[in-house]
Every structure is written in structure tokens, then in C-alpha cells.
file entry_32.cif (mmCIF, C-alpha atoms and all ligand atoms)
data_entry
#
loop_
_atom_site.label_atom_id
_atom_site.label_comp_id
_atom_site.auth_asym_id
_atom_site.auth_seq_id
_atom_site.Cartn_x
_atom_site.Cartn_y
_atom_site.Cartn_z
CA MET O 1 -35.79 52.13 6.53
CA ALA O 2 -32.59 50.58 7.73
CA GLN O 3 -31.95 50.46 11.48
CA THR O 4 -28.71 50.09 13.37
CA GLY O 5 -28.96 48.43 16.79
CA GLY O 6 -30.77 50.86 19.13
CA ASP O 7 -28.40 51.21 22.11
CA GLU O 8 -25.28 50.67 20.05
CA LYS O 9 -26.25 53.41 17.62
CA GLU O 10 -26.89 55.75 20.55
CA ALA O 11 -23.46 54.83 21.95
CA VAL O 12 -21.82 55.70 18.62
CA LYS O 13 -23.64 59.05 18.54
CA ASN O 14 -22.62 59.87 22.11
CA TYR O 15 -19.02 58.88 21.44
CA PHE O 16 -18.71 61.08 18.34
CA ASP O 17 -20.36 63.96 20.19
CA THR O 18 -17.87 63.77 23.09
CA ALA O 19 -14.53 61.92 23.44
CA GLY O 20 -14.69 60.60 19.88
CA PHE O 21 -15.18 64.12 18.56
CA GLU O 22 -12.00 65.29 20.29
CA ARG O 23 -10.07 62.30 19.02
CA TRP O 24 -11.28 62.34 15.40
CA ARG O 25 -11.22 66.13 15.08
CA LYS O 26 -7.45 65.86 15.63
CA ILE O 27 -6.95 62.79 13.43
CA TYR O 28 -8.87 64.43 10.57
CA GLY O 29 -7.06 67.73 11.10
CA GLU O 30 -3.67 69.12 10.25
CA THR O 31 -2.20 70.01 13.63
CA ASN O 32 0.58 68.02 15.26
CA GLU O 33 -1.46 67.19 18.37
CA VAL O 34 -1.62 63.53 17.29
CA ASN O 35 0.38 60.50 18.37
CA LYS O 36 2.07 58.07 15.96
CA VAL O 37 -0.93 55.78 15.62
CA GLN O 38 -3.28 58.71 15.01
CA LEU O 39 -0.86 60.16 12.46
CA ASP O 40 -0.81 56.82 10.65
CA ILE O 41 -4.63 56.74 10.59
CA ARG O 42 -4.69 60.35 9.33
CA THR O 43 -2.31 59.41 6.51
CA GLY O 44 -4.32 56.33 5.50
CA HIS O 45 -7.64 58.14 5.62
CA ALA O 46 -6.25 61.00 3.49
CA GLN O 47 -5.23 58.41 0.91
CA THR O 48 -8.79 57.05 0.78
CA VAL O 49 -10.20 60.57 0.29
CA ASP O 50 -7.62 61.27 -2.45
CA LYS O 51 -8.62 58.08 -4.26
CA VAL O 52 -12.28 59.09 -4.25
CA LEU O 53 -11.44 62.57 -5.54
CA ARG O 54 -9.25 61.07 -8.27
CA TRP O 55 -12.10 58.77 -9.41
CA VAL O 56 -14.56 61.63 -9.35
CA ASP O 57 -12.20 63.92 -11.30
CA GLU O 58 -11.40 61.21 -13.86
CA GLU O 59 -15.10 60.81 -14.61
CA GLY O 60 -15.57 64.51 -15.38
CA SER O 61 -16.60 67.55 -13.41
CA VAL O 62 -18.84 67.19 -10.37
CA ALA O 63 -19.93 70.82 -10.71
CA GLY O 64 -23.70 70.95 -10.43
CA LEU O 65 -24.08 67.28 -9.49
CA THR O 66 -26.00 66.44 -6.33
CA VAL O 67 -23.92 64.53 -3.80
CA CYS O 68 -25.04 63.08 -0.49
CA ASP O 69 -22.16 62.39 1.92
CA ALA O 70 -23.57 60.13 4.63
CA GLY O 71 -21.62 60.11 7.92
CA CYS O 72 -19.56 63.08 6.74
CA GLY O 73 -17.41 63.38 9.88
CA THR O 74 -15.48 66.65 9.81
CA GLY O 75 -16.06 67.04 6.07
CA SER O 76 -12.84 65.53 4.68
CA LEU O 77 -14.63 64.50 1.49
CA ALA O 78 -17.70 66.75 1.51
CA ILE O 79 -15.61 69.95 1.57
CA PRO O 80 -13.41 69.25 -1.49
CA LEU O 81 -16.50 68.09 -3.38
CA ALA O 82 -18.33 71.30 -2.47
CA LEU O 83 -15.31 73.38 -3.51
CA ARG O 84 -15.44 71.58 -6.88
CA GLY O 85 -18.98 72.89 -7.31
CA ALA O 86 -21.03 69.84 -6.35
CA ALA O 87 -24.33 70.45 -4.55
CA VAL O 88 -23.38 68.64 -1.37
CA SER O 89 -25.77 67.44 1.33
CA ALA O 90 -23.55 66.25 4.15
CA SER O 91 -24.84 64.73 7.36
CA ASP O 92 -23.59 62.92 10.41
CA ILE O 93 -25.24 61.31 13.41
CA SER O 94 -23.00 63.51 15.58
CA ALA O 95 -23.96 67.18 15.74
CA ALA O 96 -20.40 67.95 16.88
CA MET O 97 -18.91 66.35 13.76
CA ALA O 98 -21.43 67.97 11.38
CA GLY O 99 -20.83 71.37 13.04
CA GLU O 100 -17.06 70.98 12.71
CA ALA O 101 -17.50 70.07 9.03
CA GLU O 102 -19.47 73.28 8.43
CA ARG O 103 -16.81 75.37 10.23
CA ARG O 104 -14.04 73.75 8.20
CA TYR O 105 -15.96 74.39 4.99
CA GLN O 106 -16.23 78.13 5.80
CA THR O 107 -12.48 78.24 6.56
CA ALA O 108 -11.62 76.35 3.38
CA LEU O 109 -13.87 78.60 1.31
CA SER O 110 -12.18 81.75 2.67
CA ALA O 111 -8.73 80.23 2.11
CA SER O 112 -9.62 79.32 -1.48
CA GLY O 113 -10.43 82.96 -2.20
CA SER O 114 -13.53 81.82 -4.13
CA LYS O 115 -16.95 83.36 -3.77
CA ALA O 116 -19.55 81.28 -1.95
CA PRO O 117 -20.87 78.86 -4.59
CA LYS O 118 -24.40 79.12 -5.92
CA LEU O 119 -25.02 75.65 -4.53
CA ALA O 120 -23.90 76.07 -0.92
CA PRO O 121 -23.36 72.77 0.85
CA LYS O 122 -25.69 71.74 3.65
CA PHE O 123 -24.30 70.19 6.82
CA GLU O 124 -26.83 68.50 9.07
CA ALA O 125 -26.93 66.40 12.22
CA MET O 126 -28.87 63.35 11.10
CA ASP O 127 -28.45 59.60 11.23
CA LEU O 128 -27.92 57.79 7.97
CA GLU O 129 -31.27 56.01 8.22
CA SER O 130 -33.12 59.36 8.26
CA ILE O 131 -31.54 60.72 5.07
CA GLN O 132 -34.10 61.20 2.33
CA GLY O 133 -34.03 62.41 -1.25
CA SER O 134 -32.41 61.52 -4.52
CA TYR O 135 -28.80 62.33 -5.41
CA HIS O 136 -26.57 61.72 -8.41
CA THR O 137 -23.84 60.34 -6.15
CA VAL O 138 -23.93 59.00 -2.61
CA THR O 139 -20.67 58.68 -0.68
CA CYS O 140 -20.19 56.96 2.65
CA LEU O 141 -16.59 56.56 3.82
CA ASP O 142 -15.50 54.57 6.85
CA VAL O 143 -18.94 54.54 8.47
CA MET O 144 -19.75 50.84 7.95
CA ILE O 145 -17.21 49.99 10.68
CA HIS O 146 -19.94 51.09 13.12
CA TYR O 147 -22.51 48.69 11.67
CA PRO O 148 -22.80 45.06 12.80
CA GLN O 149 -23.15 42.53 9.97
CA ASP O 150 -26.91 42.08 10.44
CA LYS O 151 -27.45 45.83 9.90
CA VAL O 152 -25.23 46.26 6.84
CA ASP O 153 -27.70 45.02 4.22
CA GLY O 154 -30.25 47.57 5.43
CA MET O 155 -27.63 50.31 5.42
CA ILE O 156 -26.53 49.55 1.85
CA THR O 157 -30.12 49.21 0.64
CA HIS O 158 -30.95 52.60 2.11
CA LEU O 159 -27.86 54.33 0.67
CA ALA O 160 -28.58 52.73 -2.72
CA SER O 161 -32.17 53.99 -2.64
CA LEU O 162 -30.79 57.55 -2.38
CA ALA O 163 -28.36 57.20 -5.32
CA ASN O 164 -29.54 57.76 -8.89
CA THR O 165 -26.24 56.91 -10.50
CA ARG O 166 -23.22 56.22 -8.30
CA LEU O 167 -22.46 54.97 -4.82
CA ILE O 168 -18.97 55.24 -3.32
CA ILE O 169 -18.51 53.34 -0.10
CA SER O 170 -15.61 52.18 2.07
CA PHE O 171 -15.30 49.67 4.87
CA ALA O 172 -12.74 47.78 6.92
CA PRO O 173 -12.38 44.46 5.08
CA LYS O 174 -12.84 41.18 6.91
CA THR O 175 -9.92 39.02 5.88
CA LEU O 176 -8.09 36.49 8.03
CA SER O 177 -5.09 38.77 8.57
CA TYR O 178 -7.17 41.85 9.46
CA SER O 179 -9.35 39.77 11.79
CA ILE O 180 -6.21 38.60 13.62
CA LEU O 181 -4.87 42.18 13.79
CA LYS O 182 -8.21 43.37 15.17
CA ARG O 183 -8.14 40.67 17.89
CA ILE O 184 -4.62 41.72 18.86
CA GLY O 185 -5.70 45.38 18.98
CA GLU O 186 -8.63 44.46 21.23
CA LEU O 187 -6.21 43.10 23.83
CA PHE O 188 -4.97 46.64 24.47
CA PRO O 189 -7.27 49.15 26.16
CA GLY O 190 -7.54 52.57 24.56
CA PRO O 191 -9.91 55.42 23.78
CA SER O 192 -10.65 54.06 20.30
CA LYS O 193 -12.23 51.00 21.94
CA ALA O 194 -15.15 53.05 23.26
CA THR O 195 -17.26 51.78 20.35
CA ARG O 196 -17.12 48.37 18.68
CA ALA O 197 -15.49 48.08 15.27
CA TYR O 198 -16.96 45.70 12.70
CA LEU O 199 -15.07 44.29 9.73
CA HIS O 200 -17.07 43.25 6.66
CA ARG O 201 -16.53 40.68 3.92
CA GLU O 202 -16.23 42.26 0.50
CA GLU O 203 -18.42 39.49 -0.99
CA ASP O 204 -21.23 40.39 1.42
CA VAL O 205 -20.99 44.11 0.63
CA GLU O 206 -20.90 43.42 -3.11
CA ALA O 207 -23.86 41.03 -2.89
CA ALA O 208 -25.90 43.66 -1.03
CA LEU O 209 -24.97 46.23 -3.68
CA GLN O 210 -26.06 43.85 -6.42
CA ARG O 211 -29.38 43.15 -4.73
CA ALA O 212 -29.90 46.92 -4.56
CA GLY O 213 -29.32 47.18 -8.33
CA PHE O 214 -25.68 48.33 -8.31
CA LYS O 215 -22.61 46.87 -10.00
CA VAL O 216 -19.10 47.43 -8.64
CA THR O 217 -17.02 49.28 -11.23
CA LYS O 218 -13.92 50.31 -9.28
CA ARG O 219 -12.01 48.99 -6.28
CA GLU O 220 -9.14 50.33 -4.23
CA MET O 221 -7.46 49.28 -1.02
CA THR O 222 -5.68 51.55 1.42
CA ALA O 223 -3.53 49.93 4.08
CA THR O 224 -1.11 51.66 6.40
CA SER O 225 0.01 50.21 9.72
CA PHE O 226 -3.21 50.98 11.61
CA TYR O 227 -5.70 51.96 8.91
CA PHE O 228 -7.34 49.52 6.50
CA SER O 229 -10.06 50.53 4.12
CA ARG O 230 -11.53 48.88 1.06
CA LEU O 231 -13.10 51.38 -1.30
CA LEU O 232 -15.75 50.51 -3.90
CA GLU O 233 -17.45 52.53 -6.58
CA ALA O 234 -20.73 51.02 -7.75
CA VAL O 235 -23.07 52.28 -10.45
CA ARG O 236 -26.75 51.68 -10.97
CA VAL O 237 -27.33 49.07 -13.69
N1 LIG F 1 -16.96 59.77 6.50
C1 LIG F 1 -16.08 60.60 7.27
C2 LIG F 1 -14.68 60.57 6.71
O1 LIG F 1 -14.32 59.59 6.06
O2 LIG F 1 -13.94 61.53 6.93
C3 LIG F 1 -16.08 60.22 8.75
C4 LIG F 1 -15.64 58.80 9.10
S1 LIG F 1 -15.68 58.51 10.87
C5 LIG F 1 -14.63 57.11 11.08
C6 LIG F 1 -17.26 57.78 11.07
C7 LIG F 1 -18.38 58.79 11.12
O3 LIG F 1 -19.61 58.09 10.96
C8 LIG F 1 -18.47 59.57 12.43
O4 LIG F 1 -18.46 60.94 12.17
C9 LIG F 1 -19.80 59.10 13.02
O5 LIG F 1 -20.46 60.09 13.79
C10 LIG F 1 -20.57 58.71 11.77
N2 LIG F 1 -21.65 57.72 11.99
C11 LIG F 1 -21.60 56.54 12.64
N3 LIG F 1 -22.79 55.92 12.60
C12 LIG F 1 -23.63 56.73 11.90
C13 LIG F 1 -25.00 56.64 11.52
N4 LIG F 1 -25.76 55.60 11.85
N5 LIG F 1 -25.53 57.66 10.82
C14 LIG F 1 -24.77 58.74 10.45
N6 LIG F 1 -23.47 58.88 10.80
C15 LIG F 1 -22.89 57.88 11.50
#
call {"tool": "encode", "arguments": {"input": "entry_32.cif", "output": "C-alpha cells", "more": "lines below"}}
Ligand code: SAM
result
Amino acid sequence: MAQTGGDEKEAVKNYFDTAGFERWRKIYGETNEVNKVQLDIRTGHAQTVDKVLRWVDEEGSVAGLTVCDAGCGTGSLAIPLALRGAAVSASDISAAMAGEAERRYQTALSASGSKAPKLAPKFEAMDLESIQGSYHTVTCLDVMIHYPQDKVDGMITHLASLANTRLIISFAPKTLSYSILKRIGELFPGPSKATRAYLHREEDVEAALQRAGFKVTKREMTATSFYFSRLLEAVRV
């Protein structure tokens, strides 16, 4: 099984259970209790989620398909997939985030006026390395930023082992310009600096996917002022 660095992983969990939960609950929400930077991140992240949903919709209905959303956060992707009828297993290392995702799902379900689906989604507090099973599609958005380079191969190998057919993954890309921007950002203290952020080279991610038996079939990039995310769809070959 893949492992993230012991103490660092614990720090990420603690952050997303406490101050990080408060911060990201607002960013991934709809209220106006966000500042300009947070609003920009909310906008960029929503674009990434929309791109995934567009890909998924273009390829046909997800109704009845098993989907594992690893590091689900507050459910920004897991909830629309569940409302489309997918059998979603969503999990997050932070119990606070997974609990918020479940609450938001219940609210969204009531607002949609639909009956509870036959395949009710599951929301669990669990680290990515502990996820087991076999799913048609595995999604993992904006989680790799918490993984140092030497842990990424293990992470991708584990996610790939769970996916029968399709893996959709996003990460902050390591390019010269984003590396410079990140260094500039690190000069300013702020609550988002409570955990380290790791950028990753697309070639490295793609090579790990290939070694795990997956071929990249779609790519997208989302870039706003403060949010950068490379999105890949890979299918089992
Ligand atoms: N995927 C969600 C989305 O796009 O809306 C959330 C993205 S948020 C930036 C990162 C999430 O990854 C947090 O909710 C955090 O708790 C979770 N996370 C970080 N490391 C994790 C790990 N090792 N296992 C599971 N979840 C993890």
C-alpha cells in the first residue's frame, strides 16, 4: 500500500479537521464569507469540477457505475455524481470534511426533489491508502498537492489498483512559472501555509499512470489568478 510521510500526513489530517476545515468549507461553499483570493480559488475549483462532469456526461450516463472519489473534501464532485445515479464511495482523511460532504449531499438531494437513489452514496473518514475495492471510475481532485514527490508514485499506483476502467486525477503542475509563483506565495504568511503544497511534473504523473497500466486520454488545464490545476483522464489499456 502507498504511504504518505507519517507526520506530514497526520498534519494534513489535523489541518483539514480544524482550521483547514473552516477555510475550505467556505471556499467550497456558496456563501459570501470569502475574501478575493478564496473567491478566485472557488471559481477555479468549480471550473475543474465542471470539466470532470462534462467529460463524464460526454461519455454516457454514470447511472449505476461505481465511482470512488478519494479525498472527496466537502463533496463538490461526489455529490453531482451521486445525483446522476452513480454508486459513489467518497472518502476523506478528514472526518470533518467527509461529514460536511454527507450533510451537503442530504441538502442537495432534498433541493433536487428526487427520491433517495437506490444506490445511496457512502461518505467515510478514511485515508486514501486505506481505500479498498474495485470501481469503474476513480476520481481524485486536488489531493496530490498534499503528496511529496517520493510518495506520488505509490499514491497513483494505489488509485490505479482500485480503478477497473477510468481514473480522473488533478494536480498542481510543476512548471517554471508556477514554481516561481509558489516561491513568491511562500514569502507571505497565511493560513493556507499551514500545510506544505507540492507541485508535480506532468511527465512524472503520466509515467506513473503508464506503469500502472493506464493511458492518458484527456487533458485540461484550469488557471485563475490563485488556482492552478492540471486535470487528466486515463483509461486502463
Ligand atoms: N477532492 C476535493 C475537491 O476537489 O473538492 C477536495 C480537495 S481539498 C484541496 C484536498 C482534500 O484532500 C482535503 O479534503 C484533505 O482532507 C484530503 N486529503 C489530503 N490527504 C489525504 C489522504 N492522504 N487521504 C485522503 N484524503 C486526503
call {"tool": "closest_residue", "arguments": {"input": "entry_32.cif", "among": "O:Thr222, O:Ser114, O:Ser130, O:Gln149", "to": "Tyr198 in chain O", "atoms": "only C-alpha atoms"}}
result
O:Gln149
call {"tool": "residues_around", "arguments": {"input": "entry_32.cif", "residues": "range 115-124 of chain O", "least_positions_apart": "3", "cutoff": "6 Å", "atoms": "all atoms listed in the file", "output": "CSV table (one decimal) with C-alpha atoms, keeping the file's coordinate frame"}}
result
chain,number,residue,atom,x,y,z
O,87,ALA,CA,-24.3,70.4,-4.6
O,88,VAL,CA,-23.4,68.6,-1.4
O,89,SER,CA,-25.8,67.4,1.3
O,90,ALA,CA,-23.6,66.2,4.2
O,91,SER,CA,-24.8,64.7,7.4
O,98,ALA,CA,-21.4,68.0,11.4
O,102,GLU,CA,-19.5,73.3,8.4
call {"tool": "axis_aligned_box", "arguments": {"input": "entry_32.cif", "around": "range 115-119 of chain O", "padding_each_side": "5 Å", "output": "lines of an AutoDock Vina configuration file"}}
result
center_x = -21.0
center_y = 79.5
center_z = -3.9
size_x = 18.1
size_y = 17.7
size_z = 14.0
call {"tool": "closest_residue", "arguments": {"input": "entry_32.cif", "among": "O:Ser94, O:Thr18, O:Thr66, O:Thr48", "to": "ligand LIG 1 (chain F)", "atoms": "all atoms listed in the file"}}
result
O:Ser94
call {"tool": "residues_near_ligand", "arguments": {"input": "entry_32.cif", "ligand": "ligand LIG 1 (chain F)", "cutoff": "6 Å", "atoms": "all atoms listed in the file", "output": "list in words"}}
result
Lys13, Phe16, Gly71, Cys72, Gly73, Gly75, Ser76, Asp92, Ile93, Ser94, Met97, Asp127, Leu128, Cys140, Leu141, Asp142, Val143 and His146 of chain O
call {"tool": "write_last_selection", "arguments": {"input": "entry_32.cif", "atoms": "C-alpha atoms", "output": "short mmCIF file (atom, residue, chain, number, x, y, z; two decimals), in the coordinates of the input"}}
result
data_model
loop_
_atom_site.label_atom_id
_atom_site.label_comp_id
_atom_site.auth_asym_id
_atom_site.auth_seq_id
_atom_site.Cartn_x
_atom_site.Cartn_y
_atom_site.Cartn_z
CA LYS O 13 -23.64 59.05 18.54
CA PHE O 16 -18.71 61.08 18.34
CA GLY O 71 -21.62 60.11 7.92
CA CYS O 72 -19.56 63.08 6.74
CA GLY O 73 -17.41 63.38 9.88
CA GLY O 75 -16.06 67.04 6.07
CA SER O 76 -12.84 65.53 4.68
CA ASP O 92 -23.59 62.92 10.41
CA ILE O 93 -25.24 61.31 13.41
CA SER O 94 -23.00 63.51 15.58
CA MET O 97 -18.91 66.35 13.76
CA ASP O 127 -28.45 59.60 11.23
CA LEU O 128 -27.92 57.79 7.97
CA CYS O 140 -20.19 56.96 2.65
CA LEU O 141 -16.59 56.56 3.82
CA ASP O 142 -15.50 54.57 6.85
CA VAL O 143 -18.94 54.54 8.47
CA HIS O 146 -19.94 51.09 13.12
#
call {"tool": "atom_distance", "arguments": {"input": "entry_32.cif", "atom1": "CA of Lys26 in chain O", "atom2": "CA of Lys174 in chain O"}}
result
26.7 Å
call {"tool": "closest_residue", "arguments": {"input": "entry_32.cif", "among": "O:Ala208, O:Ala19, O:Gly99, O:Asn164", "to": "Met126 in chain O", "atoms": "only C-alpha atoms"}}
result
O:Gly99
call {"tool": "closest_residue", "arguments": {"input": "entry_32.cif", "among": "O:Ala125, O:Ala70, O:Met221, O:Ile79", "to": "Gly44 in chain O", "atoms": "all atoms listed in the file"}}
result
O:Met221
call {"tool": "atom_distance", "arguments": {"input": "entry_32.cif", "atom1": "CA of Val12 in chain O", "atom2": "CA of Tyr147 in chain O"}}
result
9.9 Å
call {"tool": "closest_residue", "arguments": {"input": "entry_32.cif", "among": "O:Gly29, O:Gly64, O:Gly85, O:Pro173", "to": "Glu203 in chain O", "atoms": "all atoms listed in the file"}}
result
O:Pro173
call {"tool": "atom_distance", "arguments": {"input": "entry_32.cif", "atom1": "CA of Leu199 in chain O", "atom2": "CA of Phe171 in chain O"}}
result
7.3 Å
call {"tool": "residues_near_point", "arguments": {"input": "entry_32.cif", "point": "(-5.8, 60.9, 9.4)", "cutoff": "10 Å", "atoms": "only C-alpha atoms", "output": "list of chain:residue names"}}
result
O:Trp24, O:Arg25, O:Lys26, O:Ile27, O:Tyr28, O:Gly29, O:Glu30, O:Val34, O:Val37, O:Gln38, O:Leu39, O:Asp40, O:Ile41, O:Arg42, O:Thr43, O:Gly44, O:His45, O:Ala46, O:Gln47, O:Thr48, O:Ser76, O:Tyr227
call {"tool": "residues_around", "arguments": {"input": "entry_32.cif", "residues": "range 211-216 of chain O", "least_positions_apart": "5", "cutoff": "12 Å", "atoms": "only C-alpha atoms", "output": "PyMOL selection string"}}
result
chain O and resi 153-169+202-206+231-237
call {"tool": "closest_residue", "arguments": {"input": "entry_32.cif", "among": "O:Ala223, O:Ala95, O:Val49, O:Val138", "to": "Phe21 in chain O", "atoms": "all atoms listed in the file"}}
result
O:Ala95
call {"tool": "decode", "arguments": {"input": "entry_32.cif", "residues": "range 189-227 of chain O", "atoms": "C-alpha atoms", "output": "CSV table (one decimal), in the first residue's frame"}}
result
chain,number,residue,atom,x,y,z
O,189,PRO,CA,2.5,34.2,5.8
O,190,GLY,CA,-1.1,33.0,5.8
O,191,PRO,CA,-3.5,30.3,7.0
O,192,SER,CA,-3.1,28.3,3.7
O,193,LYS,CA,0.6,27.8,4.6
O,194,ALA,CA,-0.3,25.5,7.5
O,195,THR,CA,0.5,22.5,5.3
O,196,ARG,CA,3.1,22.2,2.5
O,197,ALA,CA,2.0,22.4,-1.1
O,198,TYR,CA,3.7,20.2,-3.7
O,199,LEU,CA,3.7,20.8,-7.4
O,200,HIS,CA,4.2,17.8,-9.7
O,201,ARG,CA,5.6,17.4,-13.2
O,202,GLU,CA,3.0,16.2,-15.7
O,203,GLU,CA,5.6,13.8,-17.2
O,204,ASP,CA,6.1,12.1,-13.8
O,205,VAL,CA,2.4,11.7,-13.2
O,206,GLU,CA,1.9,10.3,-16.7
O,207,ALA,CA,4.8,7.9,-16.4
O,208,ALA,CA,3.4,6.6,-13.1
O,209,LEU,CA,0.0,6.2,-14.8
O,210,GLN,CA,1.6,4.3,-17.6
O,211,ARG,CA,3.5,2.0,-15.2
O,212,ALA,CA,0.2,1.3,-13.5
O,213,GLY,CA,-1.4,0.3,-16.9
O,214,PHE,CA,-3.2,3.5,-17.7
O,215,LYS,CA,-3.1,5.7,-20.8
O,216,VAL,CA,-3.9,9.4,-20.7
O,217,THR,CA,-6.9,10.1,-22.9
O,218,LYS,CA,-7.9,13.6,-22.0
O,219,ARG,CA,-6.2,16.7,-20.5
O,220,GLU,CA,-7.5,20.0,-19.3
O,221,MET,CA,-5.9,22.9,-17.5
O,222,THR,CA,-7.6,25.4,-15.2
O,223,ALA,CA,-5.8,28.5,-14.3
O,224,THR,CA,-7.2,31.5,-12.5
O,225,SER,CA,-5.1,34.0,-10.5
O,226,PHE,CA,-4.5,31.8,-7.5
O,227,TYR,CA,-5.7,28.4,-8.6
